[in-house]
Structure formats: structure tokens, C-alpha cells
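*Asks:* Attaching a single structure in C-alpha cells format; questions to follow.
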Amino acid sequence: MGGMMPAALSAVILAAGQGTRMKSVLPKVLHPVAGVPMLAHVITAARAAGSTPLIAVIGHGAERVKAAFDGAGVDFVLQAEQLGTGHALQCSAPALAGFAGDLLLLCGDVPLLRGATLQALVEHHRSQQAVVTVLTAEVADPRGYGRVIRGAGGVERIVEEKDATPAERTVCEINTGIYVFTTPRVFELLAGLTNDNAQGEYYLTDVIAAARAAGDKVAALPAERAEEAMGINDRVQLAEAGREMRIRINETHMRAGVTLLDPAVTYIEAEVTIGTDTVIHPGVHLRGRTVIGRECEIEPGVIVSDCILADRVHVKAGSVLAGSTIGADTDIGPMAHLRPGTILAGENKIGNFVETKKAAIGRGSKASHLTYLGDAEIGAGVNVGCGTITCNYDGVNKHVTVIEDDVFVGSDVQFVAPVRIGKGSLIGAGSTITRDVPAEALAISRVEQKVIEGWVTRKRDKAVKRET
Ligand code: UD1
Ligand code: CA
């Protein structure tokens, strides 16, 4: 006997159901919790428990689910017709042919489950030398869940709510839908299941009674934290799970040295990372693969999606940042809009009502007020005056504006791209620049000012005469 070898552990995640109660065109397991599909949370937990291979049983919206987890190292098995959870596990049998060891059975709609809980369940299964081990939970409101029916010898069976007697419905120990099975034995037990029940389905839960009847050992482990076992069947539960996940994520950041002024209203998605001593104000959303450096300050109402912020970046209230890379010691906002492809080298100032898109901006350059910089390459030490606009779109194509180092752009300038502004040049306020400007030059294009003395007085006198 290979006593020192760690036993093999595979995982099967059931994710073929339609999720009728979600009332959605999106397959249930793709609904996001803290910004990532709920199935991704389950996969993460299964990985943390050390399971390989990882098999997902898919059916409803199979193509969409597959596409969402392309390259995630998951093997997919198709359950073409959803005949029940027992049938779903059966569908994975060919994929597990030749596998002997323990099988962790998870549901794709239980996103709060932690890897540590699964590890404890696997250990319990092994120490009990059980064939079937079920994770149960004590809950205040058991409605909707299968009830765990215990007898003198431990768990005897699980009864679904729709099949339960009134007395059975009062049981508050529920089936989380998470199990460890000894494989291949479980597939022999599954073969004996029938669909003689209220829903006409092959219930995986019936494996417990089948194991008991066959004299196989059945074990049960109550979860330490019942909220982990929450199954998402509708949008109310989706919101609850989102809140629970948010609390968990926020606590992790706070313990790691990030200040959240009001964690109850701070929305940080699962994959975001944040450096120490960063301060996050209320109402902030940090999304996708955002990376925030140390000692940053993110003020109220800021939304950051898929951005990289270096250290000591200060984003002021109401700014929206997406797909941008922000160098250290930069100030942004309030009310700035940084769109994808914005790259700030560092020590920049992007002020209120400034919008950038596909704009690479060199070190120390500033655009402090009311400006649009799109398809722009801007050097270091450039000052972009208030109200400047890169006219990048001619209705058909986008064109690039290049502004070299140390250029001073006066207020209210339009750059009609494509156009290149040479190093150190000066653009006069109110100019419309349509041609390239060489280095160190002054470019100015405005109509010369006219002053007509006494014009207002004369006009007023005329108007008074007409009235009388
Ligand atoms: C199931 C359990 C119930 C448990 C609850 C925990 C059964 C019969 N009931 O009920 O005891 O308390 O989970 O959340 O197992 N699925 C398939 N193919 C199918 C049917 C379902 O892949 O043919 C998948 C679903 O996509 C879902 C999971 O299995 O991810 C559970 O199915 P669901 O219909 O939500 O079962 P519940 O009624 O919640
Ligand atoms: Ca469910």
C-alpha cells in the first residue's frame, strides 16, 4: 500500500442547470459575484483544495460557459438534457474512467465556499474512511434546501423540500450540495438511482440512502460557517452573496494594510490588488484586474476598471478610469475621464473635466482643466491649457496628434490631427492648429481683434428712440 502517497483528488462541478429562478438569458453560473462569474469562485475553491483534474458538467448555455472559461484548465463534460444532479454526475463518469481516489462534488451556484472548508471535508472523508461524505449546514431558514435526516447511525438520507413531509421540513440541518465520494464506487451507487420523486429527476442526494442500504459508510460534516454553503437560485440570493463576498474581500485588504473609510459601501472585485497605506473613500468601485500601488488615495465615487496605478496616485472624487496605466505621484480629477489606452508616465496632473483616450503622456505633463486628448502622443514637461481639444476624428478615420517635450499650449487650442508640434514650441491661446509646428516656434492662428469705440452706447440710444 502506498501509505505515504497523497490520495488522488478530482473535482466535478455541476453547472448544467438553467437557473430558471434567475429569469435570465445568461447561464446562472456566469452571473458575476464580486465581478467574476460565480463558477470562477467555485473553481478557485476546488483548486485551493488541491483537486486535479477539474471537470465541469455543462448543458444550458454550454457554449457561453465554455468560452468564459477557455484556458482555465477545466475539462468540460456535456449533460445534454438536465435530468437531475445524480444524472449530471453520471455524465462525468467517462471523463473519470481509470481514476481511483476521492471525488469532490461541487455545485457551480455555491460561490462563497472556501478552499479550507473543502480541505476539511476531504480530511473528514478520509479519516472516517467513508464512501460518501456530505457537507451540511445549520441554518435558520432551511427553505429551498434538501433536509438532512439523521437516525441512530448518523445521516440516513436527504429529502428534497418538494418531497419532504411537514415534520421533515422543520429540520434546519440542510444539504449544501457539496460532497466527497470514493471513486469509482460512487458510480456503481449512481447506477441504481431512480427518478421516482416530485421533480421526476435523478437526485444525487439519493446516493446517501443507497450507500446506507449497500452497507457503505456515510459521513457528514457540518460547515463551520453556514453562510459559505449558500446556493444562489435567484437575484435576491445573488445580491446577498455579493454582499458577503464584498465583506470578505474588504476584510482581506484591510488586514493587509489598506484603509477603507467605509467598507460597507466600497466595491472591490475579486482580482483587484492594492498596496499598503492606500486610502479608499466610500462609494469607490475597483473592478477587473485593477492594480493599485502604495500610498494612493482614491476619493468618493471613483470607478476604476482594469487599470494599473503606481504609488502615490491621488484620484479625486467622481473620476472614471478604464484600461489606463498611471505613473507614480500623479493627481487625477475631480471628474476626470481616463479611457482605455491612456498611459501617464508619472508626476502628471489631469484635472477636472479632462478626457483622455489612447493618449501617452510624458513625465510631469499637465492638462488641468476641460480638455480632450485622444489619439495623442505627448512628451514630458508639456502644459496643456484649459479647453484644449485634439480633433482626432474626421468622420472616417482617427488621426494622431504628437506634441513633443516642453511644449506650452495656451488655452482653447484645437489640434486638427494629424499634426506634430515640435519640442519647446508655444501655441497661442485660441489657436486652431492645422499644420505642423517646428521646435521652439510660436504658432498662433486667430482673427485679429477689432475694437469699435462707442458701439454699445449708439446701439442703446437707437433702441430707446424706437420705444418712445
Ligand atoms: C440541490 C440539492 C439540495 C441542496 C441544494 C444546495 C439535489 C437533488 N438537491 O438542490 O439537496 O440543498 O442543491 O444548494 O441535488 N445541475 C446540473 N444538472 C441537472 C440539475 C442540476 O448540472 O440536471 C446543477 C445546477 O446547474 C446547479 C446544481 O446542479 O449548479 C444544483 O442544482 P439546483 O437545481 O440548483 O438544485 P437545488 O434545487 O438547489
Ligand atoms: Ca441550487
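Letters A, B, ... mark the chains of the C-alpha cells in the order given; residue numbers begin at 1 per chain; ligand numbers begin at 1, in order shown.
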For Leu190 of chain A, list every protein, DNA or RNA residue within 10 Å, evaluated using only C-alpha atoms, and leave out those in the same chain fewer than 3 positions away; present the list as a PDB file with N, CA and C atoms, in the first residue's frame.
*Replies:*
```
ATOM      1  N   GLY A  86     -28.036  13.840  -9.948  1.00  0.00           N
ATOM      2  CA  GLY A  86     -27.449  12.497  -9.980  1.00  0.00           C
ATOM      3  C   GLY A  86     -27.012  12.135 -11.391  1.00  0.00           C
ATOM      4  N   HIS A  87     -27.891  12.431 -12.335  1.00  0.00           N
ATOM      5  CA  HIS A  87     -27.585  12.190 -13.744  1.00  0.00           C
ATOM      6  C   HIS A  87     -26.389  13.040 -14.191  1.00  0.00           C
ATOM      7  N   LEU A  89     -23.784  13.997 -12.447  1.00  0.00           N
ATOM      8  CA  LEU A  89     -22.523  13.368 -12.023  1.00  0.00           C
ATOM      9  C   LEU A  89     -22.225  12.148 -12.889  1.00  0.00           C
ATOM     10  N   GLN A  90     -23.274  11.398 -13.211  1.00  0.00           N
ATOM     11  CA  GLN A  90     -23.103  10.224 -14.074  1.00  0.00           C
ATOM     12  C   GLN A  90     -22.437  10.604 -15.394  1.00  0.00           C
ATOM     13  N   ARG A 185     -16.432   3.722  -6.703  1.00  0.00           N
ATOM     14  CA  ARG A 185     -17.599   3.140  -6.027  1.00  0.00           C
ATOM     15  C   ARG A 185     -18.871   3.971  -6.235  1.00  0.00           C
ATOM     16  N   VAL A 186     -18.753   5.301  -6.194  1.00  0.00           N
ATOM     17  CA  VAL A 186     -19.940   6.146  -6.282  1.00  0.00           C
ATOM     18  C   VAL A 186     -20.703   5.923  -7.598  1.00  0.00           C
ATOM     19  N   PHE A 187     -19.971   5.593  -8.650  1.00  0.00           N
ATOM     20  CA  PHE A 187     -20.654   5.413  -9.942  1.00  0.00           C
ATOM     21  C   PHE A 187     -21.494   4.132  -9.960  1.00  0.00           C
ATOM     22  N   LEU A 193     -29.878   4.571  -9.093  1.00  0.00           N
ATOM     23  CA  LEU A 193     -30.862   5.620  -8.765  1.00  0.00           C
ATOM     24  C   LEU A 193     -32.078   5.577  -9.685  1.00  0.00           C
ATOM     25  N   THR A 194     -33.208   6.030  -9.153  1.00  0.00           N
ATOM     26  CA  THR A 194     -34.411   6.185  -9.983  1.00  0.00           C
ATOM     27  C   THR A 194     -34.852   7.649  -9.920  1.00  0.00           C
ATOM     28  N   TYR A 202     -33.256  12.531 -11.438  1.00  0.00           N
ATOM     29  CA  TYR A 202     -32.307  11.650 -10.745  1.00  0.00           C
ATOM     30  C   TYR A 202     -31.560  12.508  -9.725  1.00  0.00           C
ATOM     31  N   TYR A 203     -31.920  12.335  -8.463  1.00  0.00           N
ATOM     32  CA  TYR A 203     -31.346  13.155  -7.393  1.00  0.00           C
ATOM     33  C   TYR A 203     -30.003  12.567  -6.940  1.00  0.00           C
ATOM     34  N   LEU A 204     -29.005  13.382  -6.931  1.00  0.00           N
ATOM     35  CA  LEU A 204     -27.722  12.954  -6.371  1.00  0.00           C
ATOM     36  C   LEU A 204     -27.865  12.641  -4.877  1.00  0.00           C
ATOM     37  N   ASP A 206     -29.953  11.031  -3.384  1.00  0.00           N
ATOM     38  CA  ASP A 206     -30.372   9.653  -3.112  1.00  0.00           C
ATOM     39  C   ASP A 206     -29.195   8.699  -2.954  1.00  0.00           C
ATOM     40  N   VAL A 207     -28.003   9.155  -3.335  1.00  0.00           N
ATOM     41  CA  VAL A 207     -26.806   8.320  -3.184  1.00  0.00           C
ATOM     42  C   VAL A 207     -26.575   7.985  -1.710  1.00  0.00           C
ATOM     43  N   ALA A 210     -28.748   5.147  -0.750  1.00  0.00           N
ATOM     44  CA  ALA A 210     -28.256   3.973  -1.493  1.00  0.00           C
ATOM     45  C   ALA A 210     -26.994   3.413  -0.842  1.00  0.00           C
ATOM     46  N   ALA A 211     -26.107   4.307  -0.412  1.00  0.00           N
ATOM     47  CA  ALA A 211     -24.873   3.861   0.236  1.00  0.00           C
ATOM     48  C   ALA A 211     -25.201   3.143   1.547  1.00  0.00           C
TER      49      ALA A 211
END
```
*Asks:* Considering only C-alpha atoms, return as JSON, numbers by chain whatever protein or nucleic-acid residues lie within 8 Å of segment 133-148 of chain A, sequence-local ones (same chain, fewer than 2 positions apart) excluded.
*Replies:* {"A": [121, 124, 125, 130, 131, 150, 155, 156, 157, 158, 159, 160, 161, 168, 169, 171, 172, 173, 174, 175, 176, 177, 178, 179, 180, 181, 218, 219, 220, 221, 222, 223, 224, 225, 226, 229]}
*Asks:* Distance atom CA of Thr390 of chain A-atom CA of Leu373 of chain A, one decimal place?
*Replies:*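 If I compute the distance from atom CA of Thr390 of chain A to atom CA of Leu373 of chain A, I get 5.4 Å.
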*Asks:* Using only C-alpha atoms, which of the listed residues (A:Met245, A:Leu238, A:Val320, A:Ala88) sits closest to Arg114 of chain A?
*Replies:*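 Answer, going by the shortest atom-to-atom distance: A:Met245.
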*Asks:* Please list as a PyMOL selection string every residue within 8 Å of Pro300 of chain A, counting only C-alpha atoms and excluding residues in the same chain fewer than 3 positions away.
*Replies:* chain A and resi 280-284+316-318
*Asks:* What parts of segment 44-80 of chain A does DSSP call strand (DSSP E or B)? I'd like the answer as a list in words.
*Replies:* Leu54, Ile55, Ala56, Val57, Ile58, Gly59, Gly61, Asp75, Phe76, Val77 and Leu78 of chain A
*Asks:* Find the residues of chain A that sit at most 7 Å from ligand 2; for each, write down the nearest two atoms and how far apart they are in Å, to one decimal. Count only C-alpha atoms and all ligand atoms. Sort by chain, then by number going up, and give it as a tab-separated table.
*Replies:*
```
residue	atom	partner	partner_atom_place_in_ligand_line	distance
A:Asp109	CA	ligand 2	1 (Ca)	6.0
A:Gly231	CA	ligand 2	1 (Ca)	4.9
A:Ile232	CA	ligand 2	1 (Ca)	5.9
A:Asn233	CA	ligand 2	1 (Ca)	5.4
```
*Asks:* Could you jot down the atom CA of Gly293 of chain A to atom CA of Gly115 of chain A separation for me, Å, one decimal place?
*Replies:*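 Those two atoms sit 27.7 Å apart.
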*Asks:* Write out as a PDB file with N, CA, C and O atoms, in the first residue's frame which residues come within 10 Å of segment 31-38 of chain A when counting only C-alpha atoms, dropping same-chain ones fewer than 2 positions away.
*Replies:*
```pdb
ATOM      1  N   MET A  22     -33.464  32.529 -11.901  1.00  0.00           N
ATOM      2  CA  MET A  22     -32.738  33.781 -12.164  1.00  0.00           C
ATOM      3  C   MET A  22     -33.483  34.637 -13.181  1.00  0.00           C
ATOM      4  O   MET A  22     -33.260  35.839 -13.283  1.00  0.00           O
ATOM      5  N   SER A  24     -33.169  34.774 -16.551  1.00  0.00           N
ATOM      6  CA  SER A  24     -32.076  35.447 -17.251  1.00  0.00           C
ATOM      7  C   SER A  24     -31.708  34.683 -18.512  1.00  0.00           C
ATOM      8  O   SER A  24     -31.856  33.468 -18.570  1.00  0.00           O
ATOM      9  N   LEU A  26     -28.616  34.796 -19.398  1.00  0.00           N
ATOM     10  CA  LEU A  26     -27.250  34.406 -19.052  1.00  0.00           C
ATOM     11  C   LEU A  26     -27.307  33.129 -18.207  1.00  0.00           C
ATOM     12  O   LEU A  26     -28.075  33.060 -17.247  1.00  0.00           O
ATOM     13  N   PRO A  27     -26.506  32.099 -18.568  1.00  0.00           N
ATOM     14  CA  PRO A  27     -26.485  30.904 -17.716  1.00  0.00           C
ATOM     15  C   PRO A  27     -26.163  31.295 -16.269  1.00  0.00           C
ATOM     16  O   PRO A  27     -25.322  32.167 -16.038  1.00  0.00           O
ATOM     17  N   LYS A  28     -26.851  30.660 -15.333  1.00  0.00           N
ATOM     18  CA  LYS A  28     -26.727  31.064 -13.916  1.00  0.00           C
ATOM     19  C   LYS A  28     -25.278  31.181 -13.450  1.00  0.00           C
ATOM     20  O   LYS A  28     -24.899  32.161 -12.808  1.00  0.00           O
ATOM     21  N   VAL A  29     -24.452  30.171 -13.794  1.00  0.00           N
ATOM     22  CA  VAL A  29     -23.090  30.145 -13.249  1.00  0.00           C
ATOM     23  C   VAL A  29     -22.199  31.247 -13.821  1.00  0.00           C
ATOM     24  O   VAL A  29     -21.087  31.443 -13.344  1.00  0.00           O
ATOM     25  N   ALA A  40     -16.375  30.797 -11.322  1.00  0.00           N
ATOM     26  CA  ALA A  40     -14.937  31.042 -11.112  1.00  0.00           C
ATOM     27  C   ALA A  40     -14.575  30.922  -9.630  1.00  0.00           C
ATOM     28  O   ALA A  40     -13.509  30.409  -9.276  1.00  0.00           O
ATOM     29  N   HIS A  41     -15.471  31.377  -8.767  1.00  0.00           N
ATOM     30  CA  HIS A  41     -15.217  31.260  -7.322  1.00  0.00           C
ATOM     31  C   HIS A  41     -15.153  29.792  -6.913  1.00  0.00           C
ATOM     32  O   HIS A  41     -14.326  29.398  -6.090  1.00  0.00           O
ATOM     33  N   VAL A  42     -16.054  28.991  -7.493  1.00  0.00           N
ATOM     34  CA  VAL A  42     -16.088  27.560  -7.144  1.00  0.00           C
ATOM     35  C   VAL A  42     -14.808  26.875  -7.639  1.00  0.00           C
ATOM     36  O   VAL A  42     -14.213  26.059  -6.934  1.00  0.00           O
ATOM     37  N   ILE A  43     -14.383  27.243  -8.846  1.00  0.00           N
ATOM     38  CA  ILE A  43     -13.148  26.671  -9.407  1.00  0.00           C
ATOM     39  C   ILE A  43     -11.954  27.028  -8.519  1.00  0.00           C
ATOM     40  O   ILE A  43     -11.115  26.187  -8.215  1.00  0.00           O
ATOM     41  N   VAL A  65     -20.580  29.155 -21.464  1.00  0.00           N
ATOM     42  CA  VAL A  65     -19.798  28.792 -20.271  1.00  0.00           C
ATOM     43  C   VAL A  65     -18.394  28.386 -20.688  1.00  0.00           C
ATOM     44  O   VAL A  65     -17.397  28.826 -20.104  1.00  0.00           O
ATOM     45  N   ALA A  68     -16.311  31.332 -21.618  1.00  0.00           N
ATOM     46  CA  ALA A  68     -15.924  32.155 -20.464  1.00  0.00           C
ATOM     47  C   ALA A  68     -14.754  31.532 -19.701  1.00  0.00           C
ATOM     48  O   ALA A  68     -14.016  32.240 -19.027  1.00  0.00           O
ATOM     49  N   PHE A  69     -14.608  30.209 -19.803  1.00  0.00           N
ATOM     50  CA  PHE A  69     -13.550  29.535 -19.039  1.00  0.00           C
ATOM     51  C   PHE A  69     -12.509  28.890 -19.943  1.00  0.00           C
ATOM     52  O   PHE A  69     -11.820  27.960 -19.552  1.00  0.00           O
ATOM     53  N   GLY A 108     -21.963  24.610  -9.104  1.00  0.00           N
ATOM     54  CA  GLY A 108     -21.494  25.876  -9.653  1.00  0.00           C
ATOM     55  C   GLY A 108     -22.196  27.093  -9.100  1.00  0.00           C
ATOM     56  O   GLY A 108     -21.785  28.226  -9.347  1.00  0.00           O
ATOM     57  N   ASP A 109     -23.256  26.880  -8.323  1.00  0.00           N
ATOM     58  CA  ASP A 109     -24.019  28.012  -7.792  1.00  0.00           C
ATOM     59  C   ASP A 109     -23.800  28.224  -6.295  1.00  0.00           C
ATOM     60  O   ASP A 109     -24.638  28.802  -5.619  1.00  0.00           O
ATOM     61  N   VAL A 110     -22.643  27.760  -5.798  1.00  0.00           N
ATOM     62  CA  VAL A 110     -22.322  27.946  -4.368  1.00  0.00           C
ATOM     63  C   VAL A 110     -20.984  28.696  -4.272  1.00  0.00           C
ATOM     64  O   VAL A 110     -19.954  28.125  -3.965  1.00  0.00           O
ATOM     65  N   PRO A 111     -21.008  29.998  -4.561  1.00  0.00           N
ATOM     66  CA  PRO A 111     -19.753  30.730  -4.763  1.00  0.00           C
ATOM     67  C   PRO A 111     -19.006  31.139  -3.489  1.00  0.00           C
ATOM     68  O   PRO A 111     -17.861  31.543  -3.572  1.00  0.00           O
ATOM     69  N   LEU A 112     -19.651  31.017  -2.341  1.00  0.00           N
ATOM     70  CA  LEU A 112     -18.995  31.523  -1.129  1.00  0.00           C
ATOM     71  C   LEU A 112     -18.128  30.473  -0.431  1.00  0.00           C
ATOM     72  O   LEU A 112     -17.442  30.763   0.542  1.00  0.00           O
ATOM     73  N   ILE A 232     -27.045  29.912  -4.843  1.00  0.00           N
ATOM     74  CA  ILE A 232     -27.688  31.053  -5.495  1.00  0.00           C
ATOM     75  C   ILE A 232     -28.722  30.540  -6.482  1.00  0.00           C
ATOM     76  O   ILE A 232     -28.380  29.927  -7.496  1.00  0.00           O
ATOM     77  N   ARG A 235     -32.101  36.288  -7.848  1.00  0.00           N
ATOM     78  CA  ARG A 235     -31.323  37.534  -7.782  1.00  0.00           C
ATOM     79  C   ARG A 235     -31.221  38.092  -6.367  1.00  0.00           C
ATOM     80  O   ARG A 235     -30.303  38.860  -6.081  1.00  0.00           O
ATOM     81  N   LEU A 238     -28.367  36.296  -5.105  1.00  0.00           N
ATOM     82  CA  LEU A 238     -27.177  36.797  -5.800  1.00  0.00           C
ATOM     83  C   LEU A 238     -26.652  38.060  -5.112  1.00  0.00           C
ATOM     84  O   LEU A 238     -25.451  38.208  -4.878  1.00  0.00           O
ATOM     85  N   ALA A 239     -27.573  38.945  -4.755  1.00  0.00           N
ATOM     86  CA  ALA A 239     -27.177  40.181  -4.070  1.00  0.00           C
ATOM     87  C   ALA A 239     -26.616  39.880  -2.685  1.00  0.00           C
ATOM     88  O   ALA A 239     -25.625  40.483  -2.258  1.00  0.00           O
ATOM     89  N   GLU A 240     -27.225  38.929  -1.997  1.00  0.00           N
ATOM     90  CA  GLU A 240     -26.738  38.553  -0.658  1.00  0.00           C
ATOM     91  C   GLU A 240     -25.326  37.993  -0.741  1.00  0.00           C
ATOM     92  O   GLU A 240     -24.463  38.330   0.064  1.00  0.00           O
ATOM     93  N   ALA A 241     -25.115  37.133  -1.739  1.00  0.00           N
ATOM     94  CA  ALA A 241     -23.785  36.537  -1.900  1.00  0.00           C
ATOM     95  C   ALA A 241     -22.766  37.615  -2.243  1.00  0.00           C
ATOM     96  O   ALA A 241     -21.633  37.588  -1.760  1.00  0.00           O
ATOM     97  N   GLY A 242     -23.188  38.574  -3.064  1.00  0.00           N
ATOM     98  CA  GLY A 242     -22.304  39.676  -3.426  1.00  0.00           C
ATOM     99  C   GLY A 242     -21.877  40.454  -2.192  1.00  0.00           C
ATOM    100  O   GLY A 242     -20.712  40.803  -2.033  1.00  0.00           O
ATOM    101  N   ARG A 243     -22.831  40.706  -1.305  1.00  0.00           N
ATOM    102  CA  ARG A 243     -22.509  41.453  -0.087  1.00  0.00           C
ATOM    103  C   ARG A 243     -21.543  40.671   0.797  1.00  0.00           C
ATOM    104  O   ARG A 243     -20.575  41.220   1.314  1.00  0.00           O
ATOM    105  N   GLU A 244     -21.819  39.390   0.931  1.00  0.00           N
ATOM    106  CA  GLU A 244     -20.976  38.512   1.755  1.00  0.00           C
ATOM    107  C   GLU A 244     -19.544  38.464   1.199  1.00  0.00           C
ATOM    108  O   GLU A 244     -18.569  38.571   1.947  1.00  0.00           O
ATOM    109  N   MET A 245     -19.450  38.346  -0.112  1.00  0.00           N
ATOM    110  CA  MET A 245     -18.140  38.279  -0.763  1.00  0.00           C
ATOM    111  C   MET A 245     -17.400  39.604  -0.605  1.00  0.00           C
ATOM    112  O   MET A 245     -16.193  39.645  -0.388  1.00  0.00           O
ATOM    113  N   ARG A 246     -18.146  40.691  -0.682  1.00  0.00           N
ATOM    114  CA  ARG A 246     -17.560  42.026  -0.533  1.00  0.00           C
ATOM    115  C   ARG A 246     -16.956  42.193   0.858  1.00  0.00           C
ATOM    116  O   ARG A 246     -15.843  42.688   1.011  1.00  0.00           O
ATOM    117  N   ILE A 249     -13.729  40.189   0.927  1.00  0.00           N
ATOM    118  CA  ILE A 249     -12.653  40.832   0.156  1.00  0.00           C
ATOM    119  C   ILE A 249     -12.136  42.066   0.902  1.00  0.00           C
ATOM    120  O   ILE A 249     -10.935  42.271   1.061  1.00  0.00           O
ATOM    121  N   TYR A 267     -16.619  48.841  -3.136  1.00  0.00           N
ATOM    122  CA  TYR A 267     -16.870  47.698  -4.013  1.00  0.00           C
ATOM    123  C   TYR A 267     -15.586  47.300  -4.724  1.00  0.00           C
ATOM    124  O   TYR A 267     -15.195  47.926  -5.697  1.00  0.00           O
ATOM    125  N   ILE A 268     -14.925  46.282  -4.208  1.00  0.00           N
ATOM    126  CA  ILE A 268     -13.644  45.853  -4.763  1.00  0.00           C
ATOM    127  C   ILE A 268     -13.810  44.445  -5.313  1.00  0.00           C
ATOM    128  O   ILE A 268     -14.167  43.526  -4.571  1.00  0.00           O
ATOM    129  N   GLU A 269     -13.577  44.288  -6.600  1.00  0.00           N
ATOM    130  CA  GLU A 269     -13.773  42.976  -7.198  1.00  0.00           C
ATOM    131  C   GLU A 269     -12.640  42.015  -6.828  1.00  0.00           C
ATOM    132  O   GLU A 269     -11.560  42.413  -6.395  1.00  0.00           O
ATOM    133  N   ALA A 270     -12.945  40.736  -7.065  1.00  0.00           N
ATOM    134  CA  ALA A 270     -12.120  39.655  -6.517  1.00  0.00           C
ATOM    135  C   ALA A 270     -10.649  39.702  -6.943  1.00  0.00           C
ATOM    136  O   ALA A 270      -9.771  39.310  -6.182  1.00  0.00           O
ATOM    137  N   GLU A 271     -10.356  40.187  -8.146  1.00  0.00           N
ATOM    138  CA  GLU A 271      -8.988  40.070  -8.654  1.00  0.00           C
ATOM    139  C   GLU A 271      -8.148  41.335  -8.455  1.00  0.00           C
ATOM    140  O   GLU A 271      -7.000  41.397  -8.883  1.00  0.00           O
ATOM    141  N   VAL A 272      -8.712  42.323  -7.795  1.00  0.00           N
ATOM    142  CA  VAL A 272      -8.009  43.601  -7.607  1.00  0.00           C
ATOM    143  C   VAL A 272      -6.923  43.451  -6.534  1.00  0.00           C
ATOM    144  O   VAL A 272      -7.120  42.772  -5.540  1.00  0.00           O
ATOM    145  N   LEU A 286     -13.642  49.382  -7.569  1.00  0.00           N
ATOM    146  CA  LEU A 286     -12.389  48.949  -8.187  1.00  0.00           C
ATOM    147  C   LEU A 286     -12.684  47.628  -8.884  1.00  0.00           C
ATOM    148  O   LEU A 286     -13.070  46.655  -8.244  1.00  0.00           O
ATOM    149  N   ARG A 287     -12.533  47.613 -10.216  1.00  0.00           N
ATOM    150  CA  ARG A 287     -13.039  46.481 -10.989  1.00  0.00           C
ATOM    151  C   ARG A 287     -11.970  45.770 -11.788  1.00  0.00           C
ATOM    152  O   ARG A 287     -10.922  46.336 -12.095  1.00  0.00           O
ATOM    153  N   GLY A 288     -12.328  44.544 -12.184  1.00  0.00           N
ATOM    154  CA  GLY A 288     -11.499  43.779 -13.109  1.00  0.00           C
ATOM    155  C   GLY A 288     -10.126  43.496 -12.545  1.00  0.00           C
ATOM    156  O   GLY A 288      -9.981  43.120 -11.392  1.00  0.00           O
ATOM    157  N   ARG A 289      -9.120  43.679 -13.390  1.00  0.00           N
ATOM    158  CA  ARG A 289      -7.754  43.352 -12.979  1.00  0.00           C
ATOM    159  C   ARG A 289      -7.006  44.598 -12.534  1.00  0.00           C
ATOM    160  O   ARG A 289      -5.830  44.765 -12.844  1.00  0.00           O
TER     161      ARG A 289
END
```
*Asks:* Which one is closest to ligand 1: A:Gln128, A:Thr117, A:Ser411, A:Asn197? Count only C-alpha atoms and all ligand atoms.
*Replies:* A:Asn197
*Asks:* Smallest atom-to-atom distance to ligand 1: which of A:Gln82, A:Gly410, A:Val400, A:Pro53, using only C-alpha atoms and all ligand atoms?
*Replies:* A:Gln82
*Asks:* Got a sec: who's within 9 Å of Ser92 of chain A, counting only C-alpha atoms, leaving out chain neighbours fewer than 2 positions off, as a list in words?
*Replies:*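 Surrounding residues, per the criterion: Val12, Ile55, Ala56, Val57, Phe76, Val77, Leu78, Gln79, Ala88, Leu89, Gln90, Pro94, Ala95, Leu96 and Ala97 of chain A.
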*Asks:* Using only C-alpha atoms, which of the listed residues (A:Ser51, A:Ala80, A:Asp461, A:Thr44) sits closest to Ala16 of chain A?
*Replies:*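 The shortest atom-to-atom distance to Ala16 of chain A comes from A:Ala80.
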*Asks:* Of the candidates A:Ile13, A:Ala380, A:Leu321, A:Val451, which shows the shortest atom-to-atom distance to ligand 1, using only C-alpha atoms and all ligand atoms?
*Replies:*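 Closest candidate: A:Ile13.
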*Asks:* Using only C-alpha atoms and all ligand atoms, which residue out of A:Lys349, A:Arg47, A:Arg312, A:Lys162 lies closest to ligand 1?
*Replies:*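 Closest to ligand 1, using only C-alpha atoms and all ligand atoms: A:Lys162.
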*Asks:* Interatomic distance between atom CA of Thr342 of chain A and atom CA of Ala328 of chain A?
*Replies:* 14.3 Å
*Asks:* Would you mind listing what lies within 6 Å of Asp406 of chain A as a list of chain:residue names, with only C-alpha atoms counted and same-chain residues fewer than 3 positions away left out?
*Replies:*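 The contact residues come out as A:Gly381, A:Val382, A:Gly424.
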*Asks:* Would you mind exporting the chosen residues as an mmCIF file, in the first residue's frame, restricted to N, CA, C and O atoms?
*Replies:*
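Output below, filename again-v2.cif:
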```
data_model
loop_
_atom_site.group_PDB
_atom_site.id
_atom_site.type_symbol
_atom_site.label_atom_id
_atom_site.label_comp_id
_atom_site.auth_asym_id
_atom_site.auth_seq_id
_atom_site.Cartn_x
_atom_site.Cartn_y
_atom_site.Cartn_z
ATOM 1 N N GLY A 381 6.970 67.296 -19.663
ATOM 2 C CA GLY A 381 7.015 68.720 -19.346
ATOM 3 C C GLY A 381 6.097 69.571 -20.198
ATOM 4 O O GLY A 381 6.327 70.765 -20.378
ATOM 5 N N VAL A 382 5.049 69.005 -20.719
ATOM 6 C CA VAL A 382 4.114 69.760 -21.570
ATOM 7 C C VAL A 382 3.010 70.350 -20.702
ATOM 8 O O VAL A 382 2.508 69.688 -19.789
ATOM 9 N N GLY A 424 9.475 72.274 -27.367
ATOM 10 C CA GLY A 424 9.669 73.598 -26.798
ATOM 11 C C GLY A 424 8.888 74.711 -27.460
ATOM 12 O O GLY A 424 9.086 75.888 -27.150
#
```
